[in-house]
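Participant: Sharing a structure below in structure tokens format, with a few things to ask.
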Amino acid sequence: MKKTLFILLCALFLTTCCNTSDTLTPEQKEMNRFVSELMKQMTVEEKTGQLHLISGNDFISGENVNTDSNRTVREVRKGKVGAFINAKGVSKIRELQRIAVEESRMKIPLMFGMDFLHGYETIFPVPLGMAASWNMDNIEKATRIAAVEASADGLNWVYSPMVDIARDPRWGRVSEGAGEDPFLGGEIARAQVKGYQGNPAYAGNTDIMACVKHFGLYGASEAGRDYSVVDMSEQRARNDYLYPYKAAVEAGVGSVMSSFNEINGMPATANKWLLNKVLREEWGFNGFVVTDYASINDITRFGMGGADNAAVLSLKAGTDMDMESYAYYHHLQKALENGNVTMADIDNACRRILEAKYKLGLFADPYKYCDTSRPARDIYNRQHRAEARKIATETFVLLKNDGDILPLKKQGTVALIGPHGNNRPNMLGSWGWPSDINKAATLLEGMTLYLDGKAKVLYAKGCRPYEDMTHEDILSLTKDFEKDNRSEDAMLKEALQIARQADVIVATLGESSEMSGESSSRSDINIPIPQQRLLKALVATGKPVILVLFTGRPLTITWENKHVSAILNVWFPGTEAACAIPDVLFGDVNPSGKLTSTWAQNVGQIPIYYNIKNVSKPLEKWPYKFRSGYLDVSNEPLYPFGYGLSYTKFLYGTPVINDTVMRESDTLTVTVSITNSGQRDGAETVQFYIRDIVASTVRPNKELKGFYKIFLKAGEIKEVQFKITSSLLKFYDYDLNCVCEKGAFEAMVGRNSADLQKVKFTLL
Ligand code: BGC
């Protein structure tokens, strides 16, 4: 196994790193020849033009590209633009492409990129929700559908996957990634890259280029604030944060986006260690690096000189394309004349971008993604929407279900109460905006239809989503937000009156979609205060209360967990939320999502994550002095990583290991049987963790190293096997060598990171 891996790695290294002509495939040789020929004919201005990515916002609105008066179009004609972000609409993109390939001197096609992280027009749950499905097939399928739709609309490049490991839920961008675990994050990154790029990559006109972001370590931004500082040991970076980006590179991702943060004193966009050393030299990445939005300009705000210097630092560090800073555009030519950059620096960046266009097939057919007959067929079609509904149901996490109150019966009267029950734009989540945010049905509409003729649905808003109008103004910037000018008392009175007529209350509370995502850090991560007041009043009625929780991040719902009967966390479920939520609430689908982040009891516990390193005085029992803990709260999370309930029960047998010793070349097998002992069919994610008991450096108390999501009919028993190879035991030691060390280990199997059974083994 290890040998095969070694051969594979060598092959990868040879194809990606060593550009010596004898190791290249005929296709790569032809690409090199083509690009070299092209570059011979290009002026410096045309070369730096390729490094310039600009906003196509002008082209989102309005019917046509105004070819005569538009400055951007003039720039395209002069060959001074390499790519667009946010140009939308296949006809407009086709026209821009026509200008580039017919009216510019070098006739170089453009790339068209956009952020559609969880669907293009058919929106899927936010990425954190998608991760909670632990279903790699679904994740690949959702990204494939996004690629099909976006490519039908003219786009050939997506700023996704976002793979930043996040252990601080105050950071709003946790919603865009896969959670806190590097192994799971890596698996998801691979599935997403494959889904977007196709396999083999770019073979057809639905296969677009992915861009893994935000490289790197952005999820560790200090205090959970955006655009900030990351001060981290290289050992931690390599063991806990870099792996998912590397997995995306191994999966062949075509581009990488540098992040807004600095790392140990150097902004990521100007960080040689990150881009040239780790990404290119060590991982053999052979695509191109694009900045995050205007992040070269942000280097000036970090206090490192003007945009001219920032441009030089970035290019020298290995950043190829400048998104919207206009820094390369304005300063590179001068920097070349001054000798601050070399022609080779510019050529390297230009070559990588031209190669990307070549790989996408744009030189062979610049209109590959501009088939104007496709949108009607390929965007937001019945099949995509059906997938979105099915996939969304698998992302919901059942956090509590006292007395098996869920699933609800389709009878009687249901009171749907809360500001998210009839809130159309709130269904989609933070990157739902490429789609028409007013298209999704509301939960009230969906549930009414779903229960038609069986049960009655009553509705009241109950309260405003946020504490005050100022928040409403800030948080509704991008939404057609309808303000409600009624007093809080009037809203509450109406809600209680509705609640009194019902058999069960379904409280639709939580965050609005603008409360997570970029620039949405929060210091208090509970549900907003007016909603807490509403919930307390609903609980006080004595009727059963089911909390349907909308959120893009882990929340500190300690009170809620204690007092409501059941909690179904639905994230932001996307286009088909209105049907997917009733599917699960009323039992047509058995929930199977499991959390991919640890949920804290309160914000004081943050950062909190399951794979914490061993500490010098571990807390065994709380409260206790002179132990690693708090006086006022235990170290236990509210919900551990990997946690999620089902409408059925899964019994775990005792895990069995086939040997207790292994050599580096051996493979051990851990087998466990799972029984669905309940009355309903259901899916369970069986999780596998490893602990290195004694090591040369301080190690985590456990690390996820495998998982299987299995489906079991009621009464069915299945066996699951996990393989242990030495590659799973590797880590970066104190001297940053990637090693596995001889000695004792524990392998653990179970339903979540806090409910595991152990077996022991030794590496000889
Ligand atoms: C975000 C990126 C995004 C870029 C382009 C930035 O503000 O950080 O995630 O890809 O904008 O929209």
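Residue names in the structure tokens use chain letters A, B, ... in the order shown, residue numbers from 1 in each chain, and ligand numbers from 1 in the order shown.
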At a cut-off of 12 Å, can you tabulate as CSV every residue of stretch 24-114 of chain A near stretch 308-317 of chain A together with its closest atom pair and the distance in Å to one decimal, using only C-alpha atoms and ordering rows by chain then number?

Facilitator:
residue,atom,partner,partner_atom,distance
A:Thr48,CA,A:Leu315,CA,11.0
A:Leu51,CA,A:Leu315,CA,9.9
A:His52,CA,A:Ala311,CA,11.8

Participant: Just all heavy atoms for this one: save the residues we selected as a PDB file, in the first residue's frame.

Facilitator:
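Final file, selection_9.pdb:
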ATOM      1  N   THR A  48       0.928  41.835 -18.642  1.00  0.00           N
ATOM      2  CA  THR A  48       0.371  42.256 -17.342  1.00  0.00           C
ATOM      3  C   THR A  48      -1.153  42.328 -17.423  1.00  0.00           C
ATOM      4  O   THR A  48      -1.840  42.154 -16.418  1.00  0.00           O
ATOM      5  CB  THR A  48       0.952  43.603 -16.867  1.00  0.00           C
ATOM      6  OG1 THR A  48       0.747  44.559 -17.890  1.00  0.00           O
ATOM      7  CG2 THR A  48       2.420  43.491 -16.536  1.00  0.00           C
ATOM      8  N   LEU A  51      -2.787  39.398 -16.105  1.00  0.00           N
ATOM      9  CA  LEU A  51      -2.752  39.253 -14.637  1.00  0.00           C
ATOM     10  C   LEU A  51      -3.833  40.101 -13.962  1.00  0.00           C
ATOM     11  O   LEU A  51      -3.876  40.199 -12.739  1.00  0.00           O
ATOM     12  CB  LEU A  51      -1.378  39.661 -14.069  1.00  0.00           C
ATOM     13  CG  LEU A  51      -0.104  39.287 -14.823  1.00  0.00           C
ATOM     14  CD1 LEU A  51       1.115  39.577 -13.948  1.00  0.00           C
ATOM     15  CD2 LEU A  51      -0.095  37.833 -15.235  1.00  0.00           C
ATOM     16  N   HIS A  52      -4.677  40.713 -14.769  1.00  0.00           N
ATOM     17  CA  HIS A  52      -5.620  41.700 -14.243  1.00  0.00           C
ATOM     18  C   HIS A  52      -7.048  41.133 -14.283  1.00  0.00           C
ATOM     19  O   HIS A  52      -7.590  40.840 -15.337  1.00  0.00           O
ATOM     20  CB  HIS A  52      -5.501  42.938 -15.156  1.00  0.00           C
ATOM     21  CG  HIS A  52      -6.277  44.121 -14.726  1.00  0.00           C
ATOM     22  ND1 HIS A  52      -6.343  44.553 -13.424  1.00  0.00           N
ATOM     23  CD2 HIS A  52      -7.025  45.000 -15.442  1.00  0.00           C
ATOM     24  CE1 HIS A  52      -7.099  45.631 -13.355  1.00  0.00           C
ATOM     25  NE2 HIS A  52      -7.529  45.915 -14.570  1.00  0.00           N
TER      26      HIS A  52
END

Participant: If you take only C-alpha atoms and a cut-off of 10 Å, which residues of stretch 662-735 of chain A touch stretch 593-596 of chain A, and what are their nearest atom pairs and distances in Å to one decimal, in chain and number order, as CSV?

Facilitator:
residue,atom,partner,partner_atom,distance
A:Ala683,CA,A:Gly593,CA,8.9
A:Glu684,CA,A:Gly593,CA,8.6
A:Thr685,CA,A:Lys594,CA,7.7

Participant: Using the selection just defined, write its residues with all heavy atoms as an mmCIF file, in the first residue's frame.

Facilitator:
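What ended up in result-v8.cif:
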data_model
loop_
_atom_site.group_PDB
_atom_site.id
_atom_site.type_symbol
_atom_site.label_atom_id
_atom_site.label_comp_id
_atom_site.auth_asym_id
_atom_site.auth_seq_id
_atom_site.Cartn_x
_atom_site.Cartn_y
_atom_site.Cartn_z
ATOM 1 N N ALA A 683 -30.043 6.366 8.158
ATOM 2 C CA ALA A 683 -28.617 6.375 7.800
ATOM 3 C C ALA A 683 -27.802 6.808 9.010
ATOM 4 O O ALA A 683 -28.223 7.669 9.782
ATOM 5 C CB ALA A 683 -28.384 7.322 6.631
ATOM 6 N N GLU A 684 -26.639 6.187 9.157
ATOM 7 C CA GLU A 684 -25.760 6.493 10.285
ATOM 8 C C GLU A 684 -24.348 6.748 9.765
ATOM 9 O O GLU A 684 -23.856 6.007 8.910
ATOM 10 C CB GLU A 684 -25.753 5.292 11.261
ATOM 11 C CG GLU A 684 -24.684 5.313 12.336
ATOM 12 C CD GLU A 684 -24.920 6.355 13.437
ATOM 13 O OE1 GLU A 684 -25.739 7.274 13.245
ATOM 14 O OE2 GLU A 684 -24.257 6.250 14.473
ATOM 15 N N THR A 685 -23.705 7.787 10.286
ATOM 16 C CA THR A 685 -22.295 8.010 9.957
ATOM 17 C C THR A 685 -21.444 7.432 11.071
ATOM 18 O O THR A 685 -21.446 7.918 12.207
ATOM 19 C CB THR A 685 -21.995 9.507 9.762
ATOM 20 O OG1 THR A 685 -22.775 9.968 8.662
ATOM 21 C CG2 THR A 685 -20.524 9.731 9.454
#

Participant: Residues contacting ligand 1 - anything with an atom at most 6 Å away, using only C-alpha atoms and all ligand atoms - can you give me those as a tab-separated table (two decimals) with all heavy atoms, in the first residue's frame?

Facilitator:
chain	number	residue	atom	x	y	z
A	115	ASP	N	-18.53	33.68	-7.39
A	115	ASP	CA	-18.69	32.88	-6.17
A	115	ASP	C	-20.07	32.23	-6.19
A	115	ASP	O	-21.07	32.94	-6.08
A	115	ASP	CB	-18.66	33.78	-4.93
A	115	ASP	CG	-17.33	34.46	-4.76
A	115	ASP	OD1	-16.47	33.88	-4.12
A	115	ASP	OD2	-17.18	35.59	-5.29
A	159	TYR	N	-15.14	30.43	-7.52
A	159	TYR	CA	-14.30	30.69	-6.34
A	159	TYR	C	-14.75	29.78	-5.20
A	159	TYR	O	-15.35	30.22	-4.21
A	159	TYR	CB	-14.34	32.17	-5.97
A	159	TYR	CG	-13.96	33.04	-7.15
A	159	TYR	CD1	-14.80	34.04	-7.62
A	159	TYR	CD2	-12.77	32.81	-7.83
A	159	TYR	CE1	-14.45	34.80	-8.72
A	159	TYR	CE2	-12.42	33.56	-8.94
A	159	TYR	CZ	-13.26	34.54	-9.38
A	159	TYR	OH	-12.92	35.28	-10.49
A	292	ASP	N	-7.45	37.39	-3.19
A	292	ASP	CA	-8.82	37.68	-2.80
A	292	ASP	C	-9.10	39.14	-3.19
A	292	ASP	O	-8.22	39.87	-3.62
A	292	ASP	CB	-9.04	37.44	-1.30
A	292	ASP	CG	-10.52	37.22	-1.00
A	292	ASP	OD1	-11.36	37.59	-1.84
A	292	ASP	OD2	-10.85	36.67	0.07
A	293	TYR	N	-10.35	39.55	-3.02
A	293	TYR	CA	-10.81	40.82	-3.55
A	293	TYR	C	-9.95	41.99	-3.04
A	293	TYR	O	-9.98	42.33	-1.86
A	293	TYR	CB	-12.27	41.05	-3.16
A	293	TYR	CG	-13.03	41.93	-4.13
A	293	TYR	CD1	-13.77	41.37	-5.16
A	293	TYR	CD2	-12.98	43.31	-4.00
A	293	TYR	CE1	-14.45	42.17	-6.06
A	293	TYR	CE2	-13.66	44.10	-4.89
A	293	TYR	CZ	-14.40	43.53	-5.92
A	293	TYR	OH	-15.09	44.32	-6.81

Participant: Just asking: which residues within stretch 349-538 of chain A are strand (DSSP E or B) according to DSSP, as a PyMOL selection string?

Facilitator: chain A and resi 397-401+413-417+456-460+504-510

Participant: Just the residues within 12 Å of A:Leu96, please, counting only C-alpha atoms, with nothing from its chain fewer than 5 positions along; format it as a PyMOL selection string.

Facilitator: chain A and resi 56+58-59+64-67+70+72-77+79+81-84+87-91+101-104+107-112+154-155+366-367+370

Participant: Determine which residues of stretch 305-398 of chain A DSSP labels as alpha helix (DSSP H) from the backbone of this structure, then write them out as a PyMOL selection string.

Facilitator: chain A and resi 307-317+327-338+343-360+374-378+382-393

Participant: What gap, in Å, lies between atom CA of A:Glu282 and atom CA of A:Ala248?

Facilitator: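 Separation between atom CA of A:Glu282 and atom CA of A:Ala248: 14.1 Å.
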
Participant: Mind checking which residues fall within 7 Å of A:Leu117, counting only C-alpha atoms, ignoring those fewer than 3 positions away in the same chain, and posting them as JSON, numbers by chain?

Facilitator: {"A": [160, 161, 431]}

Participant: One decimal, in Å: what's the spacing between atom CA of A:His214 and atom CA of A:Asn32?

Facilitator: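 Straight-line distance from atom CA of A:His214 to atom CA of A:Asn32 works out to 28.6 Å.
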
Participant: What's the 12 Å shell around stretch 662-672 of chain A, counting only C-alpha atoms, without same-chain residues fewer than 6 positions away, as a short mmCIF file (atom, residue, chain, number, x, y, z; two decimals) with N, CA, C and O atoms, in the first residue's frame?

Facilitator:
data_model
loop_
_atom_site.label_atom_id
_atom_site.label_comp_id
_atom_site.auth_asym_id
_atom_site.auth_seq_id
_atom_site.Cartn_x
_atom_site.Cartn_y
_atom_site.Cartn_z
N MET A 1 0.85 -1.21 0.00
CA MET A 1 0.00 0.00 0.00
C MET A 1 0.88 1.25 0.00
O MET A 1 0.73 2.16 -0.79
N LYS A 2 1.87 1.21 0.96
CA LYS A 2 2.76 2.37 1.07
C LYS A 2 3.56 2.55 -0.23
O LYS A 2 3.78 3.66 -0.70
N LYS A 3 3.95 1.35 -0.82
CA LYS A 3 4.74 1.41 -2.04
C LYS A 3 3.92 2.05 -3.17
O LYS A 3 4.40 2.90 -3.90
N THR A 4 2.66 1.59 -3.27
CA THR A 4 1.80 2.14 -4.33
C THR A 4 1.68 3.64 -4.16
O THR A 4 1.74 4.42 -5.11
N LEU A 5 1.50 4.04 -2.89
CA LEU A 5 1.34 5.46 -2.61
C LEU A 5 2.58 6.23 -3.04
O LEU A 5 2.52 7.28 -3.66
N PHE A 6 3.74 5.61 -2.74
CA PHE A 6 5.01 6.24 -3.08
C PHE A 6 5.12 6.42 -4.60
O PHE A 6 5.45 7.48 -5.11
N LEU A 651 -27.40 0.59 17.28
CA LEU A 651 -26.60 -0.04 18.33
C LEU A 651 -25.24 -0.41 17.76
O LEU A 651 -25.15 -1.00 16.68
N TYR A 652 -24.19 -0.08 18.49
CA TYR A 652 -22.83 -0.41 18.06
C TYR A 652 -22.36 -1.67 18.78
O TYR A 652 -22.46 -1.76 20.00
N GLY A 653 -21.84 -2.61 18.03
CA GLY A 653 -21.20 -3.78 18.63
C GLY A 653 -19.82 -3.38 19.16
O GLY A 653 -19.38 -2.25 18.99
N THR A 654 -19.13 -4.34 19.78
CA THR A 654 -17.77 -4.05 20.27
C THR A 654 -16.80 -4.10 19.10
O THR A 654 -16.78 -5.09 18.35
N PRO A 655 -15.98 -3.06 18.90
CA PRO A 655 -15.04 -3.11 17.78
C PRO A 655 -13.97 -4.17 17.97
O PRO A 655 -13.52 -4.41 19.10
N VAL A 656 -13.59 -4.81 16.89
CA VAL A 656 -12.58 -5.87 16.94
C VAL A 656 -11.43 -5.50 16.00
O VAL A 656 -11.67 -5.12 14.85
N VAL A 686 -20.73 6.36 10.73
CA VAL A 686 -19.88 5.67 11.69
C VAL A 686 -18.51 6.34 11.63
O VAL A 686 -17.93 6.48 10.55
N GLN A 687 -18.01 6.77 12.78
CA GLN A 687 -16.79 7.58 12.78
C GLN A 687 -15.62 6.80 13.40
O GLN A 687 -15.80 6.01 14.31
N PHE A 688 -14.43 7.11 12.90
CA PHE A 688 -13.22 6.37 13.28
C PHE A 688 -12.12 7.37 13.65
O PHE A 688 -11.79 8.26 12.87
N TYR A 689 -11.61 7.23 14.85
CA TYR A 689 -10.59 8.18 15.34
C TYR A 689 -9.35 7.41 15.78
O TYR A 689 -9.44 6.24 16.17
N ILE A 690 -8.21 8.08 15.78
CA ILE A 690 -6.97 7.46 16.26
C ILE A 690 -6.30 8.41 17.26
O ILE A 690 -6.32 9.63 17.09
N GLY A 706 -11.34 8.42 9.59
CA GLY A 706 -12.17 7.67 8.66
C GLY A 706 -13.63 7.81 9.05
O GLY A 706 -13.95 8.16 10.18
N TYR A 708 -17.80 6.24 7.58
CA TYR A 708 -18.67 5.67 6.55
C TYR A 708 -20.09 6.09 6.86
O TYR A 708 -20.52 5.99 8.01
N ILE A 717 -28.59 -5.30 10.14
CA ILE A 717 -27.26 -5.22 10.77
C ILE A 717 -26.22 -5.11 9.66
O ILE A 717 -26.31 -5.84 8.66
N LYS A 718 -25.27 -4.19 9.81
CA LYS A 718 -24.17 -4.12 8.83
C LYS A 718 -22.84 -4.06 9.53
O LYS A 718 -22.74 -3.52 10.64
N GLU A 719 -21.83 -4.60 8.86
CA GLU A 719 -20.47 -4.51 9.39
C GLU A 719 -19.72 -3.41 8.68
O GLU A 719 -19.83 -3.28 7.45
N VAL A 720 -18.96 -2.65 9.43
CA VAL A 720 -18.15 -1.60 8.82
C VAL A 720 -16.70 -1.88 9.18
O VAL A 720 -16.40 -2.27 10.31
N GLN A 721 -15.81 -1.69 8.19
CA GLN A 721 -14.38 -1.95 8.44
C GLN A 721 -13.55 -0.70 8.17
O GLN A 721 -13.75 -0.03 7.16
N PHE A 722 -12.65 -0.42 9.08
CA PHE A 722 -11.72 0.69 8.88
C PHE A 722 -10.31 0.12 8.79
O PHE A 722 -9.94 -0.76 9.58
N LYS A 723 -9.55 0.60 7.84
CA LYS A 723 -8.17 0.12 7.65
C LYS A 723 -7.21 1.10 8.30
O LYS A 723 -7.35 2.32 8.13
N ILE A 724 -6.22 0.57 9.01
CA ILE A 724 -5.19 1.43 9.58
C ILE A 724 -3.89 1.18 8.83
O ILE A 724 -3.35 0.07 8.85
N THR A 725 -3.40 2.21 8.15
CA THR A 725 -2.08 2.12 7.51
C THR A 725 -1.19 3.16 8.19
O THR A 725 -1.70 4.08 8.85
N SER A 726 0.09 3.03 7.99
CA SER A 726 0.99 3.96 8.69
C SER A 726 0.76 5.40 8.23
O SER A 726 1.04 6.34 8.96
N SER A 727 0.24 5.58 7.00
CA SER A 727 0.02 6.96 6.54
C SER A 727 -0.99 7.69 7.44
O SER A 727 -0.94 8.90 7.59
N LEU A 728 -1.91 6.92 8.05
CA LEU A 728 -2.90 7.55 8.94
C LEU A 728 -2.26 7.99 10.27
O LEU A 728 -2.86 8.74 11.03
N LEU A 729 -1.07 7.46 10.54
CA LEU A 729 -0.43 7.74 11.83
C LEU A 729 0.58 8.89 11.73
O LEU A 729 1.21 9.27 12.70
N LYS A 730 0.70 9.43 10.54
CA LYS A 730 1.74 10.45 10.31
C LYS A 730 1.34 11.83 10.83
O LYS A 730 0.16 12.19 10.81
N VAL A 739 6.25 12.35 10.08
CA VAL A 739 6.71 11.04 10.57
C VAL A 739 5.54 10.23 11.14
O VAL A 739 4.50 10.78 11.49
N CYS A 740 5.77 8.90 11.25
CA CYS A 740 4.92 8.14 12.16
C CYS A 740 5.88 7.49 13.15
O CYS A 740 6.98 7.05 12.76
N GLU A 741 5.49 7.49 14.40
CA GLU A 741 6.42 7.05 15.44
C GLU A 741 5.98 5.73 16.05
O GLU A 741 4.77 5.53 16.30
N LYS A 742 6.95 4.91 16.31
CA LYS A 742 6.67 3.60 16.92
C LYS A 742 6.04 3.79 18.29
O LYS A 742 6.31 4.78 18.97
N GLY A 743 5.22 2.82 18.72
CA GLY A 743 4.66 2.90 20.06
C GLY A 743 3.16 2.60 20.08
O GLY A 743 2.61 2.07 19.12
N ALA A 744 2.54 2.99 21.19
CA ALA A 744 1.14 2.62 21.43
C ALA A 744 0.16 3.62 20.82
O ALA A 744 0.39 4.83 20.84
N PHE A 745 -0.94 3.07 20.30
CA PHE A 745 -2.02 3.89 19.71
C PHE A 745 -3.37 3.34 20.18
O PHE A 745 -3.47 2.18 20.59
N GLU A 746 -4.38 4.19 20.09
CA GLU A 746 -5.75 3.72 20.29
C GLU A 746 -6.53 4.02 19.02
O GLU A 746 -6.39 5.11 18.45
N ALA A 747 -7.35 3.06 18.60
CA ALA A 747 -8.30 3.31 17.51
C ALA A 747 -9.67 3.34 18.15
O ALA A 747 -9.96 2.54 19.05
N MET A 748 -10.50 4.28 17.74
CA MET A 748 -11.81 4.46 18.38
C MET A 748 -12.91 4.52 17.34
O MET A 748 -12.75 5.18 16.31
N VAL A 749 -14.00 3.84 17.63
CA VAL A 749 -15.13 3.82 16.70
C VAL A 749 -16.38 4.25 17.45
O VAL A 749 -16.58 3.87 18.60
N GLY A 750 -17.24 5.04 16.79
CA GLY A 750 -18.47 5.40 17.47
C GLY A 750 -19.35 6.34 16.69
O GLY A 750 -19.08 6.66 15.53
N ARG A 751 -20.41 6.81 17.38
CA ARG A 751 -21.44 7.62 16.72
C ARG A 751 -21.09 9.10 16.71
O ARG A 751 -21.63 9.87 15.95
N LEU A 756 -17.33 6.90 22.04
CA LEU A 756 -16.47 6.01 21.25
C LEU A 756 -16.05 4.79 22.05
O LEU A 756 -15.95 4.84 23.27
N GLN A 757 -15.81 3.70 21.34
CA GLN A 757 -15.23 2.50 21.97
C GLN A 757 -13.82 2.30 21.42
O GLN A 757 -13.60 2.50 20.23
N LYS A 758 -12.90 1.89 22.31
CA LYS A 758 -11.48 1.84 21.93
C LYS A 758 -10.97 0.42 21.69
O LYS A 758 -11.41 -0.50 22.35
N VAL A 759 -9.99 0.33 20.81
CA VAL A 759 -9.13 -0.86 20.75
C VAL A 759 -7.69 -0.35 20.70
O VAL A 759 -7.46 0.78 20.25
N LYS A 760 -6.77 -1.16 21.18
CA LYS A 760 -5.38 -0.68 21.23
C LYS A 760 -4.52 -1.42 20.19
O LYS A 760 -4.80 -2.57 19.86
N PHE A 761 -3.48 -0.77 19.72
CA PHE A 761 -2.49 -1.45 18.88
C PHE A 761 -1.15 -0.76 19.04
O PHE A 761 -1.06 0.36 19.57
N THR A 762 -0.11 -1.43 18.56
CA THR A 762 1.24 -0.88 18.69
C THR A 762 1.91 -0.88 17.33
O THR A 762 1.83 -1.87 16.59
N LEU A 763 2.58 0.21 17.01
CA LEU A 763 3.39 0.26 15.79
C LEU A 763 4.81 -0.16 16.16
O LEU A 763 5.44 0.46 17.04
N LEU A 764 5.28 -1.24 15.53
CA LEU A 764 6.61 -1.76 15.89
C LEU A 764 7.70 -1.03 15.12
O LEU A 764 7.51 -0.60 13.99
#
